[in-house]
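Structure below is my_file-v3.txt: compact mmCIF, C-alpha atoms.
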```txt
# COMPACT_ATOMS: atom_id res chain seq x y z
CA MET A 83 9.96 24.87 -18.87
CA THR A 84 9.34 28.44 -17.57
CA ASP A 85 7.26 29.24 -20.68
CA ASP A 86 4.97 26.39 -19.84
CA LYS A 87 4.45 27.37 -16.22
CA ASP A 88 0.94 28.67 -16.89
CA VAL A 89 0.00 25.42 -18.57
CA LEU A 90 1.53 23.42 -15.75
CA ARG A 91 -0.45 25.40 -13.19
CA ASP A 92 -3.70 24.98 -15.15
CA VAL A 93 -3.15 21.23 -15.30
CA TRP A 94 -2.26 21.03 -11.61
CA PHE A 95 -5.24 23.07 -10.42
CA GLY A 96 -7.87 21.42 -12.63
CA ARG A 97 -10.91 20.42 -10.62
CA ILE A 98 -14.08 18.36 -11.12
CA PRO A 99 -17.17 19.21 -9.07
CA THR A 100 -18.44 15.96 -7.65
CA CYS A 101 -21.48 14.80 -5.67
CA PHE A 102 -20.96 11.75 -3.46
CA THR A 103 -24.05 9.72 -2.54
CA LEU A 104 -24.14 6.72 -0.22
CA TYR A 105 -25.25 3.49 -1.85
CA GLN A 106 -28.91 2.90 -0.99
CA ASP A 107 -28.38 -0.61 0.44
CA GLU A 108 -25.83 0.55 3.01
CA ILE A 109 -27.33 0.36 6.49
CA THR A 110 -27.56 3.74 8.23
CA GLU A 111 -28.88 5.01 11.52
CA ARG A 112 -30.14 8.23 9.94
CA GLU A 113 -30.51 9.49 6.42
CA ALA A 114 -27.25 10.14 4.63
CA GLU A 115 -26.98 13.52 2.95
CA PRO A 116 -24.95 13.73 -0.25
CA TYR A 117 -21.50 15.27 0.02
CA TYR A 118 -20.10 17.76 -2.48
CA LEU A 119 -16.41 18.14 -3.24
CA LEU A 120 -14.13 19.66 -5.87
CA LEU A 121 -11.80 16.83 -6.86
CA PRO A 122 -8.29 17.54 -8.19
CA ARG A 123 -7.88 16.00 -11.63
CA ILE A 124 -4.30 14.98 -11.03
CA SER A 125 -4.88 13.18 -7.73
CA TYR A 126 -6.36 9.83 -6.69
CA LEU A 127 -9.84 9.16 -5.25
CA THR A 128 -8.65 7.47 -2.08
CA LEU A 129 -6.16 10.26 -1.43
CA VAL A 130 -8.69 13.11 -1.42
CA THR A 131 -11.84 11.60 0.06
CA ASP A 132 -11.12 11.40 3.80
CA LYS A 133 -13.86 13.96 4.41
CA VAL A 134 -16.29 11.94 2.32
CA LYS A 135 -15.54 8.84 4.37
CA LYS A 136 -15.96 10.70 7.67
CA HIS A 137 -19.22 12.27 6.51
CA PHE A 138 -20.89 8.94 5.73
CA GLN A 139 -19.39 7.03 8.62
CA LYS A 140 -21.15 9.49 10.97
CA VAL A 141 -24.51 7.96 10.03
CA MET A 142 -23.37 4.33 9.99
CA ARG A 143 -22.61 1.79 12.68
CA GLN A 144 -18.93 0.74 13.03
CA GLU A 145 -19.68 -2.88 12.14
CA GLU A 146 -21.27 -1.85 8.84
CA VAL A 147 -18.11 -0.15 7.65
CA SER A 148 -15.24 -1.81 5.85
CA GLU A 149 -13.04 -0.63 2.98
CA ILE A 150 -14.53 2.29 1.06
CA TRP A 151 -14.92 2.04 -2.70
CA PHE A 152 -16.52 4.18 -5.37
CA GLU A 153 -18.76 3.41 -8.28
CA TYR A 154 -20.21 5.33 -11.20
CA GLU A 155 -23.36 4.01 -12.90
CA GLY A 156 -22.62 0.48 -11.77
CA THR A 157 -18.92 0.49 -12.67
CA PRO A 158 -16.41 0.28 -9.82
CA LEU A 159 -13.98 3.20 -10.13
CA LYS A 160 -10.30 2.29 -10.17
CA TRP A 161 -8.80 4.54 -7.54
CA HIS A 162 -5.33 3.97 -9.02
CA TYR A 163 -6.31 5.90 -12.15
CA PRO A 164 -6.01 9.70 -11.78
CA ILE A 165 -9.38 11.34 -11.06
CA GLY A 166 -9.32 13.37 -14.27
CA LEU A 167 -8.78 10.18 -16.26
CA LEU A 168 -11.70 8.45 -14.54
CA PHE A 169 -13.97 11.38 -15.31
CA ASP A 170 -12.87 11.58 -18.95
CA LEU A 171 -13.32 7.83 -19.39
CA HIS A 172 -16.70 7.46 -17.72
CA ALA A 173 -18.56 10.75 -17.47
CA SER A 174 -17.14 13.39 -19.77
CA ASN A 175 -20.39 13.69 -21.74
CA THR A 176 -22.65 14.10 -18.75
CA ALA A 177 -23.67 17.21 -16.87
CA LEU A 178 -21.77 18.35 -13.82
CA PRO A 179 -21.57 17.66 -10.95
CA TRP A 180 -20.17 14.18 -11.43
CA SER A 181 -22.30 11.77 -9.38
CA ILE A 182 -20.32 9.09 -7.60
CA THR A 183 -21.82 6.38 -5.37
CA VAL A 184 -19.99 5.45 -2.17
CA HIS A 185 -19.84 1.87 -0.88
CA PHE A 186 -18.60 0.39 2.39
CA LYS A 187 -19.43 -3.27 1.78
CA ASN A 188 -18.89 -6.03 -0.77
CA PHE A 189 -15.54 -4.78 -2.01
CA PRO A 190 -15.20 -5.96 -5.66
CA GLU A 191 -12.01 -8.03 -5.33
CA LYS A 192 -11.88 -8.92 -9.00
CA ASP A 193 -12.03 -5.32 -10.20
CA LEU A 194 -10.32 -3.06 -7.72
CA LEU A 195 -6.96 -2.90 -6.03
CA HIS A 196 -7.14 -2.64 -2.28
CA CYS A 197 -6.24 0.64 -0.63
CA HIS A 198 -5.91 0.12 3.09
CA SER A 199 -3.61 3.08 3.70
CA LYS A 200 -1.95 6.09 2.08
CA ASP A 201 1.19 3.95 1.77
CA VAL A 202 -0.53 1.97 -0.97
CA ILE A 203 -1.24 5.12 -2.97
CA GLU A 204 2.29 6.40 -2.46
CA ALA A 205 3.75 3.08 -3.62
CA HIS A 206 1.56 3.11 -6.72
CA PHE A 207 2.38 6.73 -7.55
CA MET A 208 6.12 6.20 -7.12
CA ALA A 209 6.02 3.04 -9.22
CA CYS A 210 4.43 5.06 -12.06
CA ILE A 211 7.06 7.78 -11.73
CA LYS A 212 9.85 5.19 -11.79
CA GLU A 213 8.49 3.43 -14.84
CA ALA A 214 8.16 6.74 -16.67
CA ASP A 215 11.76 7.58 -15.83
CA ALA A 216 12.91 4.18 -17.06
CA LEU A 217 11.64 5.29 -20.45
CA LYS A 218 12.82 8.92 -20.26
CA HIS A 219 16.24 8.57 -18.66
CA LYS A 220 16.94 4.84 -18.27
CA SER A 221 16.00 5.42 -14.60
CA GLN A 222 19.13 7.51 -14.04
CA VAL A 223 17.42 10.65 -12.76
CA ILE A 224 14.99 8.92 -10.38
CA ASN A 225 17.70 6.60 -9.03
CA GLU A 226 20.14 9.44 -8.40
CA MET A 227 17.58 11.25 -6.25
CA GLN A 228 17.62 10.76 -2.51
CA LYS A 229 14.76 9.25 -0.57
CA LYS A 230 13.85 12.70 0.71
CA ASP A 231 13.36 13.93 -2.87
CA HIS A 232 10.99 11.04 -3.59
CA LYS A 233 9.16 11.93 -0.38
CA GLN A 234 8.91 15.58 -1.40
CA LEU A 235 7.40 14.62 -4.74
CA TRP A 236 4.78 12.53 -3.00
CA MET A 237 4.06 15.10 -0.27
CA GLY A 238 3.66 17.79 -2.93
CA LEU A 239 0.94 15.72 -4.58
CA GLN A 240 -0.69 14.68 -1.32
CA ASN A 241 -0.83 18.24 0.04
CA ASP A 242 -1.61 19.96 -3.26
CA LYS A 243 1.63 21.97 -3.22
CA PHE A 244 2.54 22.91 -6.80
CA GLU A 245 5.93 24.50 -6.05
CA GLN A 246 7.02 21.71 -3.71
CA PHE A 247 6.10 19.09 -6.31
CA TRP A 248 7.70 20.82 -9.29
CA ALA A 249 10.93 21.57 -7.43
CA ILE A 250 11.61 17.83 -7.80
CA ASN A 251 9.55 17.00 -10.88
CA ARG A 252 11.40 19.52 -13.05
CA LYS A 253 14.52 17.32 -12.77
CA LEU A 254 12.47 14.43 -14.17
CA MET A 255 11.34 16.66 -17.03
CA GLU A 256 14.79 17.83 -18.09
CA TYR A 257 17.33 16.29 -20.41
CA PRO A 258 21.02 17.06 -21.02
CA PRO A 259 21.59 19.94 -23.49
CA GLU A 260 23.49 17.65 -25.88
CA ASP A 261 20.41 15.40 -26.24
CA SER A 262 17.46 16.45 -28.35
CA GLY A 263 14.94 15.03 -25.91
CA PHE A 264 14.01 12.09 -23.72
CA ARG A 265 15.12 8.63 -24.77
CA TYR A 266 11.45 7.69 -25.04
CA ILE A 267 8.36 9.74 -24.19
CA PRO A 268 6.11 7.86 -21.78
CA PHE A 269 2.40 8.03 -22.25
CA ARG A 270 -0.53 5.75 -21.54
CA ILE A 271 -3.57 5.36 -23.72
CA TYR A 272 -6.91 4.41 -22.20
CA GLN A 273 -10.12 3.59 -23.98
CA CYS B 31 21.97 2.47 -7.68
CA SER B 32 23.56 3.39 -10.99
CA MET B 33 26.15 0.99 -12.33
CA ALA B 34 28.70 2.94 -14.30
CA GLY B 35 30.90 0.74 -16.45
CA GLU B 36 28.76 -2.42 -16.27
CA GLU B 37 27.25 -3.62 -19.45
CA ASP B 38 23.48 -3.75 -19.37
CA PHE B 39 21.87 -6.94 -20.54
CA PHE B 40 18.48 -5.76 -21.64
CA LEU B 41 16.15 -8.42 -22.88
CA GLU B 42 14.54 -7.66 -26.21
CA GLU B 43 10.93 -8.68 -26.63
CA LYS B 44 11.70 -11.06 -29.50
CA ARG B 45 14.29 -12.81 -27.35
CA PHE B 46 11.80 -12.93 -24.49
CA LYS B 47 9.39 -14.88 -26.72
CA GLN B 48 12.14 -17.22 -27.90
CA TYR B 49 13.26 -18.03 -24.38
CA CYS B 50 9.64 -18.58 -23.34
CA GLU B 51 9.17 -20.98 -26.24
CA GLU B 52 12.22 -22.96 -25.12
CA PHE B 53 10.94 -22.86 -21.56
CA ILE B 54 7.48 -24.16 -22.50
CA LYS B 55 8.97 -27.01 -24.51
CA HIS B 56 10.89 -28.22 -21.50
CA SER B 57 7.93 -27.71 -19.19
CA GLN B 58 5.85 -29.91 -21.45
CA GLN B 59 8.55 -32.60 -21.43
CA ILE B 60 8.60 -32.82 -17.67
CA GLY B 61 4.95 -32.00 -17.02
CA ASP B 62 5.68 -28.81 -15.11
CA GLY B 63 2.38 -27.21 -16.07
CA TRP B 64 3.45 -23.97 -17.78
CA GLU B 65 1.57 -22.74 -20.82
CA TRP B 66 1.79 -19.82 -23.19
CA ARG B 67 -1.24 -17.56 -23.35
CA THR B 68 -1.99 -14.75 -25.77
CA SER B 69 -4.19 -11.76 -25.25
CA LYS B 70 -7.05 -11.67 -27.76
CA ASP B 71 -6.77 -8.11 -29.01
CA LEU B 72 -3.03 -7.60 -28.69
CA GLY B 73 -0.21 -9.71 -30.00
CA ASP B 74 1.27 -9.93 -26.52
CA GLY B 75 1.69 -13.24 -24.81
CA TYR B 76 2.78 -14.49 -21.43
CA LEU B 77 3.71 -17.61 -19.50
CA SER B 78 1.14 -18.96 -17.08
CA LYS B 79 1.06 -21.63 -14.42
CA THR B 80 -1.36 -22.55 -11.65
CA HIS B 81 -0.53 -24.71 -8.69
CA PHE B 82 -1.70 -25.43 -5.18
CA GLN B 83 0.18 -25.04 -1.95
CA VAL B 84 -0.67 -26.23 1.49
CA ARG B 85 -0.32 -23.85 4.40
CA ASN B 86 -0.09 -25.06 7.98
CA ARG B 87 -2.15 -22.94 10.30
CA ASN B 88 -0.73 -24.44 13.49
CA ILE B 89 2.96 -23.95 14.00
CA PRO B 90 4.40 -26.81 16.09
CA PRO B 91 5.63 -25.57 19.51
CA ASP B 92 9.33 -26.34 18.95
CA LEU B 93 9.36 -24.41 15.67
CA LYS B 94 7.63 -21.51 17.39
CA GLU B 95 10.62 -21.09 19.69
CA LYS B 96 13.14 -21.24 16.85
CA SER B 97 11.29 -18.88 14.60
CA ASP B 98 12.06 -15.20 15.17
CA ASN B 99 8.76 -14.10 13.81
CA ASN B 100 5.94 -15.99 15.41
CA GLU B 101 3.54 -14.81 12.81
CA GLN B 102 5.57 -16.30 10.00
CA MET B 103 3.37 -18.84 8.34
CA LEU B 104 4.99 -22.03 7.22
CA PHE B 105 4.35 -23.32 3.75
CA THR B 106 4.69 -26.89 2.80
CA ARG B 107 5.91 -27.01 -0.77
CA VAL B 108 3.96 -29.56 -2.69
CA GLU B 109 6.26 -30.96 -5.35
CA GLU B 110 3.58 -32.19 -7.67
CA SER B 111 0.38 -30.32 -8.30
CA LEU B 112 -2.44 -31.61 -6.18
CA ASP B 113 -5.39 -32.88 -8.10
CA ASP B 114 -8.92 -32.18 -6.95
CA SER B 115 -9.30 -35.37 -4.92
CA GLN B 116 -6.03 -34.78 -3.15
CA VAL B 117 -6.99 -31.20 -2.40
CA ALA B 118 -10.21 -32.32 -0.76
CA GLY B 119 -8.28 -34.74 1.41
CA VAL B 120 -6.14 -32.08 3.06
CA CYS B 121 -7.00 -31.91 6.72
CA ALA B 122 -8.79 -29.06 8.43
CA THR B 123 -5.82 -27.52 10.19
CA GLU B 124 -4.16 -26.97 6.85
CA GLU B 125 -5.33 -24.67 4.10
CA VAL B 126 -4.92 -25.02 0.40
CA ILE B 127 -4.03 -21.93 -1.56
CA ARG B 128 -4.32 -21.68 -5.30
CA TYR B 129 -1.46 -19.72 -6.87
CA GLU B 130 -1.55 -18.45 -10.40
CA TYR B 131 1.75 -17.12 -11.82
CA HIS B 132 2.17 -15.07 -14.99
CA VAL B 133 5.42 -14.01 -16.63
CA LEU B 134 4.97 -10.92 -18.76
CA TYR B 135 7.38 -8.74 -20.69
CA SER B 136 7.87 -5.13 -19.59
CA SER B 137 8.71 -2.83 -22.50
CA SER B 138 9.50 -0.01 -20.09
CA TYR B 139 12.15 -1.93 -18.17
CA GLN B 140 12.99 -4.42 -20.94
CA VAL B 141 12.86 -7.30 -18.49
CA PRO B 142 10.38 -10.06 -17.63
CA VAL B 143 8.02 -9.40 -14.73
CA LEU B 144 6.39 -11.91 -12.38
CA TYR B 145 2.73 -11.36 -11.61
CA PHE B 146 0.73 -13.67 -9.35
CA ARG B 147 -2.49 -14.03 -7.49
CA ALA B 148 -3.42 -16.30 -4.65
CA CYS B 149 -6.71 -17.36 -3.14
CA PHE B 150 -8.12 -19.94 -0.78
CA LEU B 151 -10.34 -22.67 -2.16
CA ASP B 152 -13.46 -20.77 -1.18
CA GLY B 153 -12.36 -17.95 -3.48
CA ARG B 154 -11.16 -15.54 -0.81
CA PRO B 155 -8.05 -13.82 -2.13
CA LEU B 156 -4.99 -13.42 0.07
CA THR B 157 -4.32 -9.91 1.34
CA LEU B 158 -1.07 -8.06 0.67
CA ASP B 159 -0.17 -8.60 4.31
CA GLU B 160 -0.70 -12.35 4.01
CA ILE B 161 1.42 -12.39 0.86
CA TRP B 162 4.24 -10.50 2.59
CA LYS B 163 4.11 -12.90 5.53
CA SER B 164 4.27 -15.87 3.17
CA VAL B 165 7.52 -14.74 1.57
CA HIS B 166 10.13 -17.36 2.38
CA ALA B 167 12.02 -16.80 5.64
CA CYS B 168 15.36 -16.26 3.94
CA TYR B 169 13.98 -13.32 1.94
CA GLN B 170 12.09 -11.66 4.78
CA ALA B 171 14.97 -9.37 5.74
CA ARG B 172 15.25 -8.06 2.19
CA LEU B 173 11.47 -7.67 1.97
CA LEU B 174 11.34 -5.69 5.19
CA GLU B 175 13.94 -3.24 3.84
CA GLY B 176 11.33 -2.01 1.44
CA PRO B 177 8.12 -4.01 1.13
CA TRP B 178 6.42 -1.26 -0.86
CA ASP B 179 9.21 -1.44 -3.47
CA THR B 180 9.15 -5.21 -3.63
CA ILE B 181 5.70 -6.80 -3.75
CA THR B 182 2.50 -4.80 -4.21
CA GLN B 183 -0.86 -5.16 -5.89
CA GLN B 184 -1.08 -3.83 -9.43
CA GLU B 185 -3.41 -4.01 -12.38
CA HIS B 186 -2.43 -6.85 -14.72
CA PRO B 187 -1.42 -5.08 -17.96
CA LEU B 188 -3.28 -7.50 -20.23
CA LEU B 189 -6.16 -8.78 -18.10
CA GLY B 190 -6.89 -5.54 -16.24
CA GLN B 191 -7.45 -7.44 -12.98
CA PRO B 192 -5.71 -7.06 -9.61
CA PHE B 193 -2.57 -9.16 -9.31
CA PHE B 194 0.43 -9.07 -7.02
CA VAL B 195 3.69 -8.17 -8.71
CA LEU B 196 7.36 -8.52 -7.93
CA HIS B 197 8.76 -5.09 -8.81
CA PRO B 198 11.02 -5.22 -11.87
CA CYS B 199 13.10 -2.07 -11.37
CA ARG B 200 16.05 -4.02 -9.88
CA THR B 201 15.94 -7.00 -12.25
CA ASN B 202 18.51 -5.62 -14.65
CA GLU B 203 20.97 -5.11 -11.78
CA PHE B 204 21.22 -8.70 -10.66
CA MET B 205 20.72 -10.24 -14.09
CA SER B 206 23.56 -8.23 -15.63
CA SER B 207 26.16 -9.51 -13.19
CA ILE B 208 25.11 -13.13 -13.70
CA LEU B 209 24.87 -12.86 -17.47
CA ALA B 210 28.28 -11.17 -17.67
CA GLY B 211 29.84 -14.26 -16.09
CA SER B 212 27.93 -16.63 -18.29
CA ARG B 213 28.88 -14.69 -21.42
CA LYS B 214 32.57 -14.92 -20.53
CA GLN B 215 32.26 -18.69 -20.38
CA ASN B 216 30.49 -18.83 -23.74
CA ARG B 217 27.59 -20.59 -22.13
CA HIS B 218 24.11 -20.52 -23.58
CA THR B 219 21.72 -19.28 -20.98
CA ASN B 220 17.98 -19.01 -21.13
CA TYR B 221 17.27 -15.64 -19.54
CA ILE B 222 13.82 -16.71 -18.39
CA ILE B 223 15.07 -19.85 -16.64
CA LEU B 224 17.87 -17.93 -14.96
CA TRP B 225 15.62 -15.10 -13.86
CA LEU B 226 12.70 -17.27 -12.73
CA SER B 227 14.95 -19.58 -10.73
CA ILE B 228 16.09 -16.49 -8.79
CA VAL B 229 12.83 -14.60 -8.23
CA GLY B 230 10.34 -17.47 -8.21
CA PRO B 231 11.30 -18.98 -4.83
CA VAL B 232 10.66 -15.62 -3.14
CA VAL B 233 6.97 -16.12 -3.84
CA GLY B 234 6.65 -19.87 -3.61
CA LEU B 235 7.51 -20.78 -7.17
CA ASN B 236 10.28 -23.33 -7.61
CA LEU B 237 11.78 -24.59 -10.84
CA PRO B 238 12.80 -28.24 -11.06
CA LEU B 239 16.55 -28.60 -11.60
CA SER B 240 16.13 -30.18 -15.02
CA TYR B 241 15.56 -26.71 -16.48
CA ALA B 242 19.25 -26.03 -15.90
CA LYS B 243 20.16 -28.66 -18.45
CA LEU B 244 18.66 -26.71 -21.35
CA GLY B 245 20.75 -25.41 -24.18
CA PRO B 246 23.86 -26.52 -26.06
CA GLU B 247 26.57 -28.40 -24.21
CA ARG B 248 29.13 -26.30 -22.35
CA ASN B 249 32.46 -25.84 -24.04
CA THR B 250 35.06 -27.84 -22.23
CA ASN B 251 38.72 -27.04 -22.79
```

Before we go any further, please render this structure as structure tokens.
Amino acid sequence: MTDDKDVLRDVWFGRIPTCFTLYQDEITEREAEPYYLLLPRISYLTLVTDKVKKHFQKVMRQEEVSEIWFEYEGTPLKWHYPIGLLFDLHASNTALPWSITVHFKNFPEKDLLHCHSKDVIEAHFMACIKEADALKHKSQVINEMQKKDHKQLWMGLQNDKFEQFWAINRKLMEYPPEDSGFRYIPFRIYQ
Amino acid sequence: CSMAGEEDFFLEEKRFKQYCEEFIKHSQQIGDGWEWRTSKDLGDGYLSKTHFQVRNRNIPPDLKEKSDNNEQMLFTRVEESLDDSQVAGVCATEEVIRYEYHVLYSSSYQVPVLYFRACFLDGRPLTLDEIWKSVHACYQARLLEGPWDTITQQEHPLLGQPFFVLHPCRTNEFMSSILAGSRKQNRHTNYIILWLSIVGPVVGLNLPLSYAKLGPERNTN
């Protein structure tokens, strides 16, 4: 694993320059300026866009604001997909910055999962980790960890702390010396 | 929660389909409304059932005192599916909720998984909070131990749409202990019936008792 540390760091610190624009039909008290942000590829939209939300809410009335959601060229963006995946799926052939439209009304119930708090993102992330470990280690490694280890994994992602994250994740990426590898290698294919 | 020494009863996908077939046959015999659906592109299939439940908005005063959680909504289980005319006749203080249940196979966990969605007749979907509150009173304590590990919203693996899901990571635990006993007694058990009769009631899905009669006769000594 130490040989791969450079690769791991490159993956962790991958960023996508993004321009957030408020949807034109949202009702504002003054003109909304676009907001620029470097998004981490490995994170989730709703986890890293607090500043985006604050920026646009400043020009809107409280009653006009409900759950935030994001759209690219008419397609609602699934916040539960990692940001890098969303970009690769929808916009990899277009020029940077990636242009995302921000909405505060008409949440598309049929397309998007709700995300009312960070707890929802944490639950989703941990469920993915657990399912992956079911394939890799029959869930033994993840189940033997304490709650505080799970929390550290999540906090490492939330706070963009590579070392904190990998201190726990390395256990999920190891296998006993007598085995030649994981029981099964988990991967997801999107098209 | 590792279980050293206990045999694991993982359900193979082929067996899953066989048990579902058996299940559907019985459902058709008793008119329980389950059907088997297949996804167009993939060979995967799943069980599906839709039914309506009535929810009382006003909790009668004497029940309010007895109930620990005043916000707990009471559900009246409707034994037979309501038809459209019956649904329209439900009075204004009650609300009809349409539940759609899907049973899918999880290759990762090698167990069945229960997905469901629920909406009012006007199309408004229930929120996660409303779903948690609607979990039957006797399961509330367990739910509150870890709601985020129990029922959450997820993307339906075949339809790609938001559904609620009962987390499958503990399924093997409780199924193994039950199946171990049943294996000792040489009894044929339909995994799906056993599993669904346990998890279904948590989210308002009850199996008529006649499902228990499936399979070859028990050996009597």

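Using all atoms listed in the file, the residues found no farther than 9 Å from Gln234 in chain A, other than those of its own chain fewer than 5 positions away, are Lys229, Leu239, Gln246, Phe247, Ala249 and Ile250 of chain A.
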
Contact table range 164-208 of chain B vs range 38-53 of chain B, cut-off 9 Å, shortest pair per residue, only C-alpha atoms, as JSON lines:
```
{"residue": "B:Asn202", "atom": "CA", "partner": "B:Phe39", "partner_atom": "CA", "distance": 6.9}
{"residue": "B:Glu203", "atom": "CA", "partner": "B:Asp38", "partner_atom": "CA", "distance": 8.1}
{"residue": "B:Met205", "atom": "CA", "partner": "B:Phe39", "partner_atom": "CA", "distance": 7.3}
{"residue": "B:Ser206", "atom": "CA", "partner": "B:Phe39", "partner_atom": "CA", "distance": 5.4}
{"residue": "B:Ser207", "atom": "CA", "partner": "B:Asp38", "partner_atom": "CA", "distance": 8.9}
```

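Between CA of Pro179 in chain A and CA of Tyr118 in chain A lies a distance of 8.6 Å.
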
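Taking all atoms listed in the file into account, those protein, DNA and RNA residues with any atom at most 10 Å away from (8.2, 17.5, -4.0) amount to Lys230, Asp231, His232, Lys233, Gln234, Leu235, Trp236, Met237, Gly238, Leu239, Gln240, Asn241, Lys243, Phe244, Glu245, Gln246, Phe247, Trp248, Ala249, Ile250, Asn251 and Arg252 of chain A.
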
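You can rank B:Gly61, B:Pro155, B:Gly75, B:Pro142 by their closest distance to Gly230 in chain B using only C-alpha atoms, and at the top of that list sits B:Pro142.
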
Reconstructed N, CA and C atoms for range 239-254 of chain A, given as a JSON list (two decimals), in the coordinates of the input:
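Saved the output as part-v8.json:
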```json
[["chain", "number", "residue", "atom", "x", "y", "z"],
["A", 239, "LEU", "N", 2.21, 16.18, -4.01],
["A", 239, "LEU", "CA", 0.94, 15.72, -4.58],
["A", 239, "LEU", "C", -0.11, 15.58, -3.50],
["A", 240, "GLN", "N", 0.27, 14.95, -2.38],
["A", 240, "GLN", "CA", -0.69, 14.68, -1.32],
["A", 240, "GLN", "C", -1.27, 15.98, -0.75],
["A", 241, "ASN", "N", -0.41, 16.99, -0.60],
["A", 241, "ASN", "CA", -0.83, 18.24, 0.04],
["A", 241, "ASN", "C", -1.16, 19.35, -0.95],
["A", 242, "ASP", "N", -1.24, 18.99, -2.23],
["A", 242, "ASP", "CA", -1.61, 19.96, -3.26],
["A", 242, "ASP", "C", -0.68, 21.17, -3.27],
["A", 243, "LYS", "N", 0.65, 20.89, -3.23],
["A", 243, "LYS", "CA", 1.63, 21.97, -3.22],
["A", 243, "LYS", "C", 2.41, 21.99, -4.53],
["A", 244, "PHE", "N", 1.98, 22.84, -5.45],
["A", 244, "PHE", "CA", 2.54, 22.91, -6.80],
["A", 244, "PHE", "C", 4.05, 23.14, -6.78],
["A", 245, "GLU", "N", 4.49, 24.14, -6.05],
["A", 245, "GLU", "CA", 5.93, 24.50, -6.05],
["A", 245, "GLU", "C", 6.77, 23.37, -5.47],
["A", 246, "GLN", "N", 6.29, 22.80, -4.37],
["A", 246, "GLN", "CA", 7.02, 21.71, -3.71],
["A", 246, "GLN", "C", 7.17, 20.53, -4.67],
["A", 247, "PHE", "N", 6.09, 20.20, -5.37],
["A", 247, "PHE", "CA", 6.10, 19.09, -6.31],
["A", 247, "PHE", "C", 7.05, 19.37, -7.46],
["A", 248, "TRP", "N", 6.92, 20.53, -8.09],
["A", 248, "TRP", "CA", 7.70, 20.82, -9.29],
["A", 248, "TRP", "C", 9.18, 21.08, -9.03],
["A", 249, "ALA", "N", 9.51, 21.43, -7.76],
["A", 249, "ALA", "CA", 10.93, 21.57, -7.43],
["A", 249, "ALA", "C", 11.67, 20.27, -7.74],
["A", 250, "ILE", "N", 11.00, 19.13, -7.52],
["A", 250, "ILE", "CA", 11.61, 17.83, -7.80],
["A", 250, "ILE", "C", 11.26, 17.37, -9.21],
["A", 251, "ASN", "N", 10.00, 17.52, -9.59],
["A", 251, "ASN", "CA", 9.55, 17.00, -10.88],
["A", 251, "ASN", "C", 10.27, 17.63, -12.07],
["A", 252, "ARG", "N", 10.73, 18.89, -11.90],
["A", 252, "ARG", "CA", 11.40, 19.52, -13.05],
["A", 252, "ARG", "C", 12.65, 18.75, -13.44],
["A", 253, "LYS", "N", 13.32, 18.11, -12.45],
["A", 253, "LYS", "CA", 14.52, 17.32, -12.77],
["A", 253, "LYS", "C", 14.13, 16.11, -13.63],
["A", 254, "LEU", "N", 12.93, 15.58, -13.39],
["A", 254, "LEU", "CA", 12.47, 14.43, -14.17],
["A", 254, "LEU", "C", 12.01, 14.85, -15.56]]
```
